[in-house]
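Data from structure_14.cif: mmCIF, C-alpha atoms and all ligand atoms
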data_run
loop_
_atom_site.label_atom_id
_atom_site.label_comp_id
_atom_site.auth_asym_id
_atom_site.auth_seq_id
_atom_site.Cartn_x
_atom_site.Cartn_y
_atom_site.Cartn_z
CA MET L 1 136.43 -1.83 18.79
CA GLY L 2 135.13 -5.08 20.35
CA PRO L 3 131.76 -5.42 22.03
CA ARG L 4 133.12 -4.96 25.56
CA GLN L 5 134.82 -1.68 24.87
CA SER L 6 131.82 -0.01 23.36
CA HIS L 7 129.35 1.48 25.76
CA SER L 8 127.49 3.37 23.08
CA GLY L 9 124.09 4.63 23.89
CA TRP L 10 124.56 5.85 27.43
CA ARG L 11 126.32 9.14 26.90
CA SER L 12 124.19 11.99 25.72
CA PRO L 13 125.87 14.24 23.16
CA ARG L 14 124.35 17.13 25.09
CA PHE L 15 126.77 16.43 27.91
CA ALA L 16 130.45 17.18 27.81
CA ARG L 17 132.82 16.64 30.67
CA ASP L 18 135.59 18.96 31.71
CA ASP L 19 139.03 17.66 32.67
CA GLY L 20 138.12 17.64 36.33
CA GLY L 21 135.61 14.81 35.99
CA GLU L 22 132.49 16.93 36.47
CA TRP L 23 129.62 16.88 33.99
CA LYS L 24 128.70 20.14 32.27
CA GLY L 25 125.45 20.70 30.44
CA HIS L 26 121.74 20.95 30.95
CA ASN L 27 119.15 18.79 32.57
CA ARG L 28 117.39 16.50 30.17
CA GLY L 29 114.06 17.83 31.39
CA PHE L 30 112.52 14.50 32.43
CA GLU L 31 109.38 14.76 34.45
CA GLU L 32 110.32 12.53 37.34
CA THR L 33 111.19 14.08 40.64
CA SER L 34 114.78 14.75 41.52
CA ALA L 35 116.82 11.76 42.65
CA LEU L 36 118.92 13.91 44.93
CA SER L 37 118.68 13.16 48.58
CA MET L 38 120.39 16.52 49.20
CA PRO L 39 119.82 19.48 46.90
CA ASN L 40 123.51 20.41 46.83
CA ALA L 41 124.73 16.85 46.42
CA LYS L 42 127.66 16.09 44.17
CA ILE L 43 127.31 12.48 43.14
CA TYR L 44 130.31 10.34 42.23
CA ILE L 45 129.49 7.24 40.20
CA ALA L 46 132.47 4.90 40.38
CA GLY L 47 132.42 2.58 37.36
CA HIS L 48 130.17 4.85 35.25
CA ARG L 49 131.21 3.16 32.00
CA GLY L 50 130.25 -0.28 33.22
CA MET L 51 126.86 -1.87 32.68
CA VAL L 52 125.44 -0.90 36.08
CA GLY L 53 127.28 2.41 36.52
CA SER L 54 126.12 3.68 33.13
CA ALA L 55 122.54 2.67 33.98
CA ILE L 56 122.78 4.59 37.27
CA LEU L 57 123.99 7.62 35.33
CA ARG L 58 121.04 7.27 32.93
CA ARG L 59 118.68 6.95 35.87
CA LEU L 60 120.01 10.05 37.64
CA TRP L 61 119.73 12.06 34.42
CA ALA L 62 116.21 10.73 33.90
CA GLN L 63 115.25 11.85 37.38
CA GLY L 64 116.46 15.35 36.65
CA VAL L 65 119.81 15.47 38.41
CA ALA L 66 121.82 18.37 37.02
CA SER L 67 124.83 17.24 35.05
CA THR L 68 127.02 19.61 37.06
CA GLN L 69 126.20 17.52 40.11
CA LEU L 70 127.57 14.31 38.58
CA LEU L 71 131.17 13.25 38.96
CA THR L 72 132.89 10.46 37.03
CA ALA L 73 136.35 9.21 36.11
CA THR L 74 137.27 6.43 33.73
CA HIS L 75 139.52 3.56 34.80
CA ALA L 76 142.33 5.14 32.76
CA GLU L 77 141.88 8.45 34.59
CA LEU L 78 141.60 6.94 38.06
CA ASP L 79 142.69 3.43 38.99
CA LEU L 80 140.63 2.72 42.08
CA THR L 81 143.10 0.09 43.32
CA GLN L 82 145.55 2.97 43.94
CA GLN L 83 144.90 4.44 47.37
CA ARG L 84 146.82 7.69 46.89
CA ALA L 85 145.12 8.47 43.59
CA VAL L 86 141.69 7.77 45.08
CA ASN L 87 142.37 10.07 48.02
CA SER L 88 143.57 12.86 45.73
CA PHE L 89 140.43 12.50 43.61
CA PHE L 90 138.17 12.83 46.65
CA ALA L 91 140.23 15.74 48.02
CA LYS L 92 139.99 17.58 44.70
CA HIS L 93 136.35 16.94 43.79
CA ARG L 94 134.69 16.61 47.19
CA PRO L 95 131.73 14.38 46.30
CA THR L 96 128.91 14.20 48.83
CA GLU L 97 127.41 10.89 47.65
CA VAL L 98 129.00 7.82 46.08
CA TYR L 99 127.59 4.95 44.03
CA LEU L 100 130.29 2.27 44.14
CA ALA L 101 129.59 0.35 40.92
CA ALA L 102 133.23 -0.17 39.91
CA ALA L 103 134.45 -3.74 40.28
CA LYS L 104 136.26 -6.49 38.54
CA VAL L 105 133.38 -8.60 37.22
CA GLY L 106 133.22 -11.80 35.15
CA GLY L 107 131.70 -15.24 34.65
CA ILE L 108 132.83 -18.65 35.95
CA HIS L 109 135.69 -18.95 33.48
CA ALA L 110 137.19 -15.55 34.35
CA ASN L 111 136.70 -16.10 38.08
CA ASN L 112 138.42 -19.50 37.87
CA THR L 113 141.29 -18.24 35.74
CA TYR L 114 142.04 -14.98 37.56
CA PRO L 115 141.07 -15.57 41.23
CA ALA L 116 143.90 -13.38 42.54
CA ASP L 117 142.78 -10.43 40.41
CA PHE L 118 139.18 -10.91 41.46
CA ILE L 119 139.87 -10.84 45.19
CA TYR L 120 142.70 -8.28 45.19
CA ASP L 121 141.22 -5.71 42.82
CA ASN L 122 137.80 -5.79 44.43
CA LEU L 123 139.11 -5.60 47.99
CA MET L 124 141.40 -2.70 47.08
CA MET L 125 138.82 -0.73 45.10
CA GLN L 126 136.12 -0.88 47.74
CA ALA L 127 138.49 -0.30 50.67
CA ASN L 128 140.05 2.70 48.94
CA VAL L 129 136.75 4.25 47.91
CA ILE L 130 135.00 3.67 51.23
CA GLN L 131 137.93 4.95 53.31
CA ALA L 132 138.46 7.99 51.04
CA ALA L 133 134.72 8.70 51.19
CA PHE L 134 134.82 8.67 54.97
CA ALA L 135 138.04 10.70 55.16
CA HIS L 136 136.51 13.40 52.95
CA GLY L 137 133.19 13.67 54.73
CA VAL L 138 130.94 11.65 52.39
CA GLN L 139 127.88 10.67 54.39
CA LYS L 140 126.00 8.66 51.78
CA LEU L 141 127.43 5.74 49.85
CA LEU L 142 125.88 2.75 48.08
CA PHE L 143 127.98 -0.38 47.61
CA LEU L 144 127.07 -2.97 44.98
CA GLY L 145 127.61 -6.61 45.81
CA SER L 146 126.26 -9.75 44.22
CA SER L 147 124.08 -12.79 44.93
CA CYS L 148 127.23 -14.95 45.04
CA ILE L 149 127.76 -13.77 48.64
CA TYR L 150 125.25 -16.43 49.70
CA PRO L 151 126.21 -20.00 50.59
CA ARG L 152 126.18 -22.53 47.80
CA MET L 153 123.43 -24.54 49.48
CA ALA L 154 121.39 -21.59 50.78
CA ALA L 155 117.67 -22.24 51.08
CA GLN L 156 115.71 -20.80 48.14
CA PRO L 157 114.70 -18.09 47.71
CA MET L 158 117.81 -16.63 49.36
CA SER L 159 117.01 -14.03 51.97
CA GLU L 160 119.44 -11.51 53.38
CA ASP L 161 119.94 -13.48 56.59
CA ALA L 162 121.46 -16.42 54.67
CA LEU L 163 124.73 -14.45 54.62
CA LEU L 164 127.61 -16.26 56.33
CA THR L 165 125.57 -19.35 57.16
CA GLY L 166 127.55 -21.85 55.06
CA PRO L 167 130.33 -22.52 52.54
CA LEU L 168 130.39 -20.48 49.33
CA GLU L 169 130.42 -21.71 45.73
CA PRO L 170 134.14 -22.50 45.19
CA THR L 171 134.35 -21.19 41.60
CA ASN L 172 133.79 -17.58 42.65
CA GLU L 173 134.66 -17.71 46.33
CA PRO L 174 137.46 -15.07 46.12
CA TYR L 175 135.10 -12.60 44.44
CA ALA L 176 132.32 -13.40 46.92
CA ILE L 177 134.65 -12.94 49.89
CA ALA L 178 135.61 -9.50 48.57
CA LYS L 179 131.92 -8.58 48.21
CA ILE L 180 131.15 -9.79 51.74
CA ALA L 181 134.06 -7.65 52.96
CA GLY L 182 132.48 -4.69 51.14
CA ILE L 183 129.22 -5.15 53.04
CA LYS L 184 131.13 -5.44 56.31
CA LEU L 185 133.17 -2.31 55.51
CA CYS L 186 129.96 -0.33 55.06
CA GLU L 187 128.46 -1.73 58.25
CA SER L 188 131.62 -1.15 60.27
CA TYR L 189 131.89 2.50 59.21
CA ASN L 190 128.21 2.95 60.06
CA ARG L 191 128.68 1.38 63.47
CA GLN L 192 131.82 3.32 64.31
CA TYR L 193 131.02 6.67 62.68
CA GLY L 194 127.26 6.70 62.10
CA ALA L 195 126.34 8.63 65.23
CA SER L 196 129.46 10.82 65.40
CA HIS L 197 129.91 11.67 61.69
CA GLY L 198 126.52 10.93 60.11
CA VAL L 199 128.00 8.11 58.03
CA ASP L 200 125.29 6.15 56.21
CA TYR L 201 126.78 3.51 53.88
CA ARG L 202 124.35 1.02 52.35
CA SER L 203 124.69 -2.17 50.29
CA VAL L 204 122.56 -3.77 47.60
CA MET L 205 122.96 -7.33 46.30
CA PRO L 206 121.68 -7.71 42.74
CA THR L 207 120.71 -10.95 41.10
CA ASN L 208 122.00 -11.67 37.54
CA LEU L 209 121.79 -8.49 35.49
CA TYR L 210 121.65 -7.92 31.76
CA GLY L 211 121.06 -5.05 29.35
CA PRO L 212 122.91 -2.25 27.59
CA GLY L 213 126.66 -2.29 28.17
CA ASP L 214 126.77 -6.02 28.97
CA ASN L 215 129.83 -8.14 28.24
CA TYR L 216 129.26 -10.49 25.27
CA HIS L 217 132.75 -11.98 25.27
CA PRO L 218 132.62 -15.65 24.13
CA GLU L 219 134.52 -16.91 27.20
CA ASN L 220 134.36 -14.24 29.89
CA SER L 221 130.66 -13.40 29.86
CA HIS L 222 127.68 -14.43 31.98
CA VAL L 223 125.14 -17.01 30.77
CA LEU L 224 122.52 -14.68 29.28
CA PRO L 225 124.80 -12.48 27.12
CA ALA L 226 126.70 -15.62 26.09
CA LEU L 227 123.42 -17.13 24.85
CA ILE L 228 122.52 -13.93 22.99
CA ARG L 229 125.83 -14.15 21.13
CA ARG L 230 125.44 -17.88 20.45
CA PHE L 231 121.92 -17.56 19.04
CA HIS L 232 122.88 -14.52 16.99
CA GLU L 233 125.85 -16.37 15.48
CA ALA L 234 123.73 -19.47 14.81
CA ARG L 235 121.18 -17.37 12.93
CA SER L 236 123.89 -15.52 10.96
CA GLN L 237 125.61 -18.78 10.02
CA GLY L 238 122.34 -20.61 9.27
CA LEU L 239 123.07 -23.37 11.84
CA ALA L 240 120.34 -26.00 12.22
CA GLU L 241 120.75 -26.30 15.98
CA VAL L 242 122.11 -24.52 19.02
CA LYS L 243 123.48 -26.58 21.90
CA VAL L 244 122.81 -25.29 25.38
CA TRP L 245 124.73 -26.75 28.32
CA GLY L 246 122.78 -28.90 30.79
CA THR L 247 119.20 -30.11 30.85
CA GLY L 248 117.61 -26.66 30.61
CA THR L 249 115.71 -27.27 33.87
CA PRO L 250 117.73 -25.15 36.34
CA ARG L 251 115.90 -22.01 37.35
CA ARG L 252 117.61 -18.61 37.33
CA GLU L 253 116.56 -15.01 37.71
CA PHE L 254 117.55 -12.12 35.42
CA LEU L 255 116.97 -8.43 36.08
CA TYR L 256 117.15 -5.71 33.45
CA VAL L 257 119.91 -3.29 34.40
CA ASP L 258 117.76 -0.15 34.29
CA ASP L 259 115.48 -1.74 36.90
CA MET L 260 118.62 -2.32 38.96
CA ALA L 261 119.67 1.31 38.58
CA ALA L 262 116.22 2.42 39.74
CA ALA L 263 116.61 0.17 42.78
CA CYS L 264 120.03 1.70 43.56
CA VAL L 265 118.69 5.26 43.50
CA HIS L 266 115.64 4.17 45.49
CA VAL L 267 117.73 2.57 48.24
CA MET L 268 120.20 5.46 48.33
CA ASN L 269 117.39 7.95 48.88
CA LEU L 270 115.36 6.09 51.50
CA PRO L 271 115.20 8.10 54.70
CA LEU L 272 117.72 6.79 57.22
CA SER L 273 115.01 5.93 59.74
CA VAL L 274 113.19 3.79 57.14
CA TYR L 275 116.42 2.07 56.08
CA GLN L 276 117.26 1.33 59.69
CA GLN L 277 113.78 -0.04 60.41
CA HIS L 278 114.19 -2.60 57.63
CA THR L 279 117.81 -3.59 58.28
CA GLN L 280 120.10 -4.39 61.19
CA PRO L 281 123.50 -2.82 61.91
CA MET L 282 125.25 -6.13 61.13
CA LEU L 283 122.77 -7.41 58.55
CA SER L 284 122.18 -4.32 56.48
CA HIS L 285 122.38 -5.39 52.83
CA ILE L 286 119.30 -5.48 50.59
CA ASN L 287 118.60 -8.03 47.83
CA VAL L 288 117.54 -6.78 44.40
CA GLY L 289 115.83 -9.44 42.32
CA CYS L 290 112.72 -10.24 40.30
CA ALA L 291 109.47 -11.68 41.50
CA GLU L 292 109.92 -14.80 39.34
CA ASP L 293 112.72 -17.00 38.20
CA VAL L 294 112.71 -18.86 34.87
CA THR L 295 114.19 -22.10 33.54
CA ILE L 296 117.27 -21.96 31.32
CA ALA L 297 115.13 -23.64 28.63
CA ASN L 298 112.65 -20.78 28.87
CA VAL L 299 115.44 -18.18 28.62
CA ALA L 300 116.95 -19.96 25.59
CA GLN L 301 113.55 -20.08 23.85
CA THR L 302 112.90 -16.39 24.55
CA ILE L 303 116.34 -15.41 23.24
CA ALA L 304 115.80 -17.51 20.10
CA LYS L 305 112.50 -15.70 19.53
CA VAL L 306 114.01 -12.24 20.09
CA VAL L 307 117.01 -12.97 17.87
CA GLY L 308 114.83 -14.54 15.16
CA TYR L 309 116.51 -17.95 15.31
CA SER L 310 114.18 -20.72 14.14
CA GLY L 311 116.46 -23.77 14.36
CA ARG L 312 116.42 -26.44 17.08
CA ILE L 313 117.54 -25.90 20.66
CA VAL L 314 119.32 -28.98 21.98
CA PHE L 315 120.04 -29.39 25.67
CA ASP L 316 123.34 -31.18 26.27
CA SER L 317 122.58 -33.12 29.44
CA SER L 318 126.12 -34.51 29.55
CA LYS L 319 127.19 -31.05 30.75
CA PRO L 320 126.66 -29.96 34.36
CA ASP L 321 123.48 -28.13 35.36
CA GLY L 322 124.87 -26.31 38.37
CA THR L 323 122.56 -25.44 41.25
CA PRO L 324 118.94 -26.41 40.45
CA ARG L 325 117.61 -23.05 41.57
CA LYS L 326 119.11 -19.65 42.42
CA HIS L 327 116.56 -17.09 43.38
CA MET L 328 116.83 -14.00 45.57
CA ASP L 329 114.21 -13.17 48.12
CA SER L 330 113.48 -9.50 47.39
CA LYS L 331 110.68 -9.05 49.92
CA ARG L 332 112.73 -6.58 51.95
CA LEU L 333 113.14 -4.21 49.00
CA ASN L 334 109.58 -4.77 47.79
CA SER L 335 108.29 -3.75 51.20
CA LEU L 336 110.39 -0.58 50.80
CA GLY L 337 108.45 0.32 47.66
CA TRP L 338 110.57 -0.91 44.73
CA HIS L 339 109.43 -3.40 42.06
CA PRO L 340 111.00 -4.25 38.67
CA LYS L 341 109.23 -2.92 35.59
CA VAL L 342 110.87 -4.50 32.53
CA SER L 343 109.67 -7.99 31.48
CA LEU L 344 112.24 -10.59 30.39
CA GLU L 345 111.08 -10.52 26.77
CA LYS L 346 111.16 -6.73 26.54
CA GLY L 347 114.51 -6.58 28.32
CA LEU L 348 115.99 -9.21 26.02
CA ALA L 349 114.82 -7.28 22.96
CA LEU L 350 116.55 -4.16 24.29
CA ALA L 351 119.67 -6.17 25.17
CA TYR L 352 119.78 -7.66 21.67
CA GLN L 353 119.62 -4.17 20.14
CA ASP L 354 122.57 -3.24 22.35
CA PHE L 355 124.49 -6.37 21.29
CA LEU L 356 123.99 -5.44 17.62
CA ALA L 357 125.04 -1.84 18.28
CA GLN L 358 128.22 -3.03 20.04
CA LEU L 359 128.95 -5.45 17.20
CA ASN L 360 128.67 -2.69 14.61
CA ALA L 361 130.55 -0.04 16.61
N1 LIG G 401 126.65 -7.82 35.77
C1 LIG G 401 125.95 -8.54 36.62
O1 LIG G 401 125.21 -9.46 36.26
C2 LIG G 401 126.03 -8.23 38.09
C3 LIG G 401 125.29 -9.05 38.94
C4 LIG G 401 125.34 -8.82 40.29
C5 LIG G 401 126.12 -7.78 40.76
N2 LIG G 401 126.83 -6.98 39.92
C6 LIG G 401 127.65 -5.93 40.53
O2 LIG G 401 127.42 -4.67 39.94
C7 LIG G 401 128.64 -3.92 39.95
C8 LIG G 401 128.91 -3.41 38.56
O3 LIG G 401 128.96 -4.51 37.66
P1 LIG G 401 128.92 -4.31 36.09
O4 LIG G 401 128.22 -5.50 35.54
O5 LIG G 401 128.46 -2.95 35.77
O6 LIG G 401 130.46 -4.47 35.73
P2 LIG G 401 131.23 -3.87 34.48
O7 LIG G 401 130.30 -3.63 33.37
O8 LIG G 401 132.41 -4.75 34.26
O9 LIG G 401 131.71 -2.45 35.02
C9 LIG G 401 132.66 -2.32 36.02
C10 LIG G 401 133.29 -0.97 35.91
O10 LIG G 401 134.33 -0.86 36.90
C11 LIG G 401 135.47 -0.31 36.27
N3 LIG G 401 136.70 -0.74 36.92
C12 LIG G 401 137.18 -2.00 37.05
N4 LIG G 401 138.36 -1.98 37.65
C13 LIG G 401 138.64 -0.68 37.93
C14 LIG G 401 139.73 -0.02 38.54
N5 LIG G 401 140.79 -0.70 39.03
N6 LIG G 401 139.69 1.33 38.63
C15 LIG G 401 138.65 2.03 38.14
N7 LIG G 401 137.59 1.46 37.54
C16 LIG G 401 137.59 0.11 37.44
C17 LIG G 401 135.43 -0.84 34.86
O11 LIG G 401 136.22 -0.06 34.01
P3 LIG G 401 137.05 -0.80 32.85
O12 LIG G 401 136.04 -1.60 32.07
O13 LIG G 401 137.66 0.32 32.09
O14 LIG G 401 138.04 -1.67 33.56
C18 LIG G 401 133.94 -0.72 34.56
O15 LIG G 401 133.61 0.58 34.12
C19 LIG G 401 129.73 -4.85 40.49
O16 LIG G 401 129.93 -4.58 41.85
C20 LIG G 401 129.13 -6.23 40.35
O17 LIG G 401 129.58 -7.09 41.34
C21 LIG G 401 126.80 -7.18 38.59
#
As a first step, turn the structure in this file into structure tokens.
Amino acid sequence: MGPRQSHSGWRSPRFARDDGGEWKGHNRGFEETSALSMPNAKIYIAGHRGMVGSAILRRLWAQGVASTQLLTATHAELDLTQQRAVNSFFAKHRPTEVYLAAAKVGGIHANNTYPADFIYDNLMMQANVIQAAFAHGVQKLLFLGSSCIYPRMAAQPMSEDALLTGPLEPTNEPYAIAKIAGIKLCESYNRQYGASHGVDYRSVMPTNLYGPGDNYHPENSHVLPALIRRFHEARSQGLAEVKVWGTGTPRREFLYVDDMAAACVHVMNLPLSVYQQHTQPMLSHINVGCAEDVTIANVAQTIAKVVGYSGRIVFDSSKPDGTPRKHMDSKRLNSLGWHPKVSLEKGLALAYQDFLAQLNA
């Protein structure tokens, strides 16, 4: 089994799932208060085997949500691009809340190579899930987007109101357009059915994420997991140097995925009046980022330290740097009471453990 297929570590052996997609078992007995916004909620996590979806599942367990209140289906069990199948699933299981963390996700190479898949699959999945949720009376839904929704030349740090103010980065434009459509789907259902049906669909836009369940594929992964793999291989092969693309000076931001999951549950459970005070009907998404961004050089040095690589790090300035800085403005979410907890060094150590576990699985 390759690294991407293994999502070891997230599924507790104390939990078994019946054929119907509902979780059977006992609470884990964590001390935190319940994450349920409604005591009788049945929570569907779309994409629960992905990096973010599995972290949301961990978070809900940790906050004491009963396993019988959690609903999941693997991609093989339910292809979310298939409208009829999605409707049948909602009709059968009747979730009351949805975390929409299923998506087709990848780095620059994958986005450039499969642009049709990235726009079609993501548009279909989110349209099917959001429409089925509405049709079956789901009042609470959280949609996950991405920082790539913002214009390529957006002022830094990027605040929510930078949306639709300029051209997007061409390499992932199809994916970004799908994500923007997801935000607008949520807003449109709220505007049309909020008052009449109590529909309350929210969106969060995470910065770059990393952590357990990440994709370490040599070509199709994001920068941070790709560097973890590269440094690990360099150490294993005793290489004297590791080449990192660009000058090392661009600044990026990386959020540990369990912090992201905490943000998702936090936003989902904010009282509607509070959410509405901090958003607008047609500008309703919320950024999820860190307080600080770091240089690529700093990230490479921290990864080398965590991995135990003591060779040289060489920055190949003949390769493009990309945007000098990409940083989310997370003031909106901070003012709503959420802050990240896991430092980059601690998060990278946990991510490296996960990489090794996936490698050995
Ligand atoms: N990773 C990041 O750095 C990052 C940053 C910003 C935003 N986000 C957002 O966070 C969300 C989750 O990302 P992630 O990193 O957790 O991605 P991921 O690890 O690739 O997980 C995505 C999940 O969606 C499932 N899925 C894909 N196509 C499906 C389909 N047609 N039907 C049913 N399930 C399907 C996948 O199942 P299979 O693997 O079986 O196909 C997988 O479980 C996405 O909306 C993404 O845009 C991620």
Closest atom pairs, residues of chain L within 6 Å of ligand LIG 401 (chain G), only C-alpha atoms and all ligand atoms, as a tab-separated table:
residue	atom	partner	partner_atom	distance
L:Gly47	CA	G:LIG401	C10	3.9
L:His48	CA	G:LIG401	O15	5.6
L:Arg49	CA	G:LIG401	O15	4.1
L:Gly50	CA	G:LIG401	O9	3.2
L:Met51	CA	G:LIG401	O5	3.6
L:Val52	CA	G:LIG401	O5	3.7
L:Gly53	CA	G:LIG401	O5	5.5
L:His75	CA	G:LIG401	C15	3.8
L:Leu78	CA	G:LIG401	C15	5.7
L:Asp79	CA	G:LIG401	N6	3.7
L:Leu80	CA	G:LIG401	N6	3.8
L:Thr81	CA	G:LIG401	N5	4.9
L:Ala101	CA	G:LIG401	C7	4.5
L:Ala102	CA	G:LIG401	O10	3.3
L:Ala103	CA	G:LIG401	O10	4.4
L:Lys104	CA	G:LIG401	C12	4.8
L:Val105	CA	G:LIG401	O8	5.0
L:Leu144	CA	G:LIG401	O16	4.5
L:Gly145	CA	G:LIG401	O17	4.9
L:Ser146	CA	G:LIG401	C5	4.0
L:Pro206	CA	G:LIG401	C4	4.5
L:Thr207	CA	G:LIG401	C4	5.2
L:Asn208	CA	G:LIG401	O1	4.1
L:Leu209	CA	G:LIG401	O1	3.6
L:Tyr210	CA	G:LIG401	O1	5.9
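Closest approach to Gln280 (chain L) from the set L:Arg58, L:His217, L:Arg235, L:Arg202 is made by L:Arg202, with distances taken over only C-alpha atoms.
Restricting the calculation to only C-alpha atoms, the smallest distance between Gln276 (chain L) and any of L:His232, L:Arg332, L:Arg312, L:Lys319 is found for L:Arg332.
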Nearest residue to Ile45 (chain L) from the set L:Leu100, L:Ile296, L:Ala261, L:Val342 (distances using all atoms listed in the file) = L:Leu100
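Among the candidates L:Ser147, L:Leu70, L:Phe231, L:Gly337, the one nearest to Val274 (chain L) when counting all atoms listed in the file is L:Gly337.
Using all atoms listed in the file, the smallest distance between any of L:Phe143, L:Arg251, L:Gly238, L:Asp258 and Ala181 (chain L) comes from L:Phe143.
Comparing the minimum interatomic distances between Thr72 (chain L) and each of L:Tyr352, L:Phe90, L:Tyr193, L:Tyr44, counting all atoms listed in the file, we find that L:Tyr44 sits nearest.
Atom pair CA of Leu333 (chain L) / CA of Ala178 (chain L): separated by 23.1 Å.
Excluding region 183-187 of chain L itself and any same-chain residue fewer than 3 positions from it, the protein and nucleic acid residues within 9 Å of it, counting only C-alpha atoms, are Gln126, Ala127, Ile130, Gln131, Leu141, Leu142, Phe143, Leu144, Gly145, Ala178, Lys179, Ile180, Asn190, Arg191, Gln192, Asp200, Tyr201, Arg202, Ser203, Val204, Pro281, Met282, Leu283, Ser284 and His285 of chain L.
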Keeping only C-alpha atoms, take the residues you just selected and write them out as a PDB file, in the frame of the given file.
ATOM      1  CA  GLN L 126     136.120  -0.880  47.740  1.00  0.00           C
ATOM      2  CA  ALA L 127     138.490  -0.300  50.670  1.00  0.00           C
ATOM      3  CA  ILE L 130     135.000   3.670  51.230  1.00  0.00           C
ATOM      4  CA  GLN L 131     137.930   4.950  53.310  1.00  0.00           C
ATOM      5  CA  LEU L 141     127.430   5.740  49.850  1.00  0.00           C
ATOM      6  CA  LEU L 142     125.880   2.750  48.080  1.00  0.00           C
ATOM      7  CA  PHE L 143     127.980  -0.380  47.610  1.00  0.00           C
ATOM      8  CA  LEU L 144     127.070  -2.970  44.980  1.00  0.00           C
ATOM      9  CA  GLY L 145     127.610  -6.610  45.810  1.00  0.00           C
ATOM     10  CA  ALA L 178     135.610  -9.500  48.570  1.00  0.00           C
ATOM     11  CA  LYS L 179     131.920  -8.580  48.210  1.00  0.00           C
ATOM     12  CA  ILE L 180     131.150  -9.790  51.740  1.00  0.00           C
ATOM     13  CA  ASN L 190     128.210   2.950  60.060  1.00  0.00           C
ATOM     14  CA  ARG L 191     128.680   1.380  63.470  1.00  0.00           C
ATOM     15  CA  GLN L 192     131.820   3.320  64.310  1.00  0.00           C
ATOM     16  CA  ASP L 200     125.290   6.150  56.210  1.00  0.00           C
ATOM     17  CA  TYR L 201     126.780   3.510  53.880  1.00  0.00           C
ATOM     18  CA  ARG L 202     124.350   1.020  52.350  1.00  0.00           C
ATOM     19  CA  SER L 203     124.690  -2.170  50.290  1.00  0.00           C
ATOM     20  CA  VAL L 204     122.560  -3.770  47.600  1.00  0.00           C
ATOM     21  CA  PRO L 281     123.500  -2.820  61.910  1.00  0.00           C
ATOM     22  CA  MET L 282     125.250  -6.130  61.130  1.00  0.00           C
ATOM     23  CA  LEU L 283     122.770  -7.410  58.550  1.00  0.00           C
ATOM     24  CA  SER L 284     122.180  -4.320  56.480  1.00  0.00           C
ATOM     25  CA  HIS L 285     122.380  -5.390  52.830  1.00  0.00           C
TER      26      HIS L 285
END
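Atom pair CA of Ala41 (chain L) / CA of Pro212 (chain L): separated by 26.9 Å.
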One decimal, Å: what's the distance from CA of Ala240 (chain L) over to CA of Gly311 (chain L), could you say?
-> 5.0 Å
Contacts of region 162-174 of chain L at 9 Å (all atoms listed in the file; same-chain gap of 4+ positions) as a list in words = Gly107, Ile108, His109, Asn111, Asn112, Pro115, Ala116, Phe118, Ile119, Tyr120, Cys148, Ile149, Tyr150, Pro151, Arg152, Met153, Ala154, Ala155, Met158, Ala178, Lys179, Ile180 and Leu283 of chain L
Contact residues around Gly198 (chain L) with all atoms listed in the file at 10 Å, ignoring same-chain residues under 6 positions, as a ChimeraX atom specification | /L:137-140,190
Saved selection, atoms kept: C-alpha atoms, as a compact mmCIF listing (two decimals), in the frame of the given file:
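Okay, result16.txt is ready:
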# COMPACT_ATOMS: atom_id res chain seq x y z
CA GLY L 137 133.19 13.67 54.73
CA VAL L 138 130.94 11.65 52.39
CA GLN L 139 127.88 10.67 54.39
CA LYS L 140 126.00 8.66 51.78
CA ASN L 190 128.21 2.95 60.06
So which residues fall inside 12 Å of (117.8, -1.9, 34.0) if we count all atoms listed in the file? Mind giving them as a ChimeraX atom specification?
-> /L:51-59,206-214,254-265,288-290,339-344,346-348,350-351
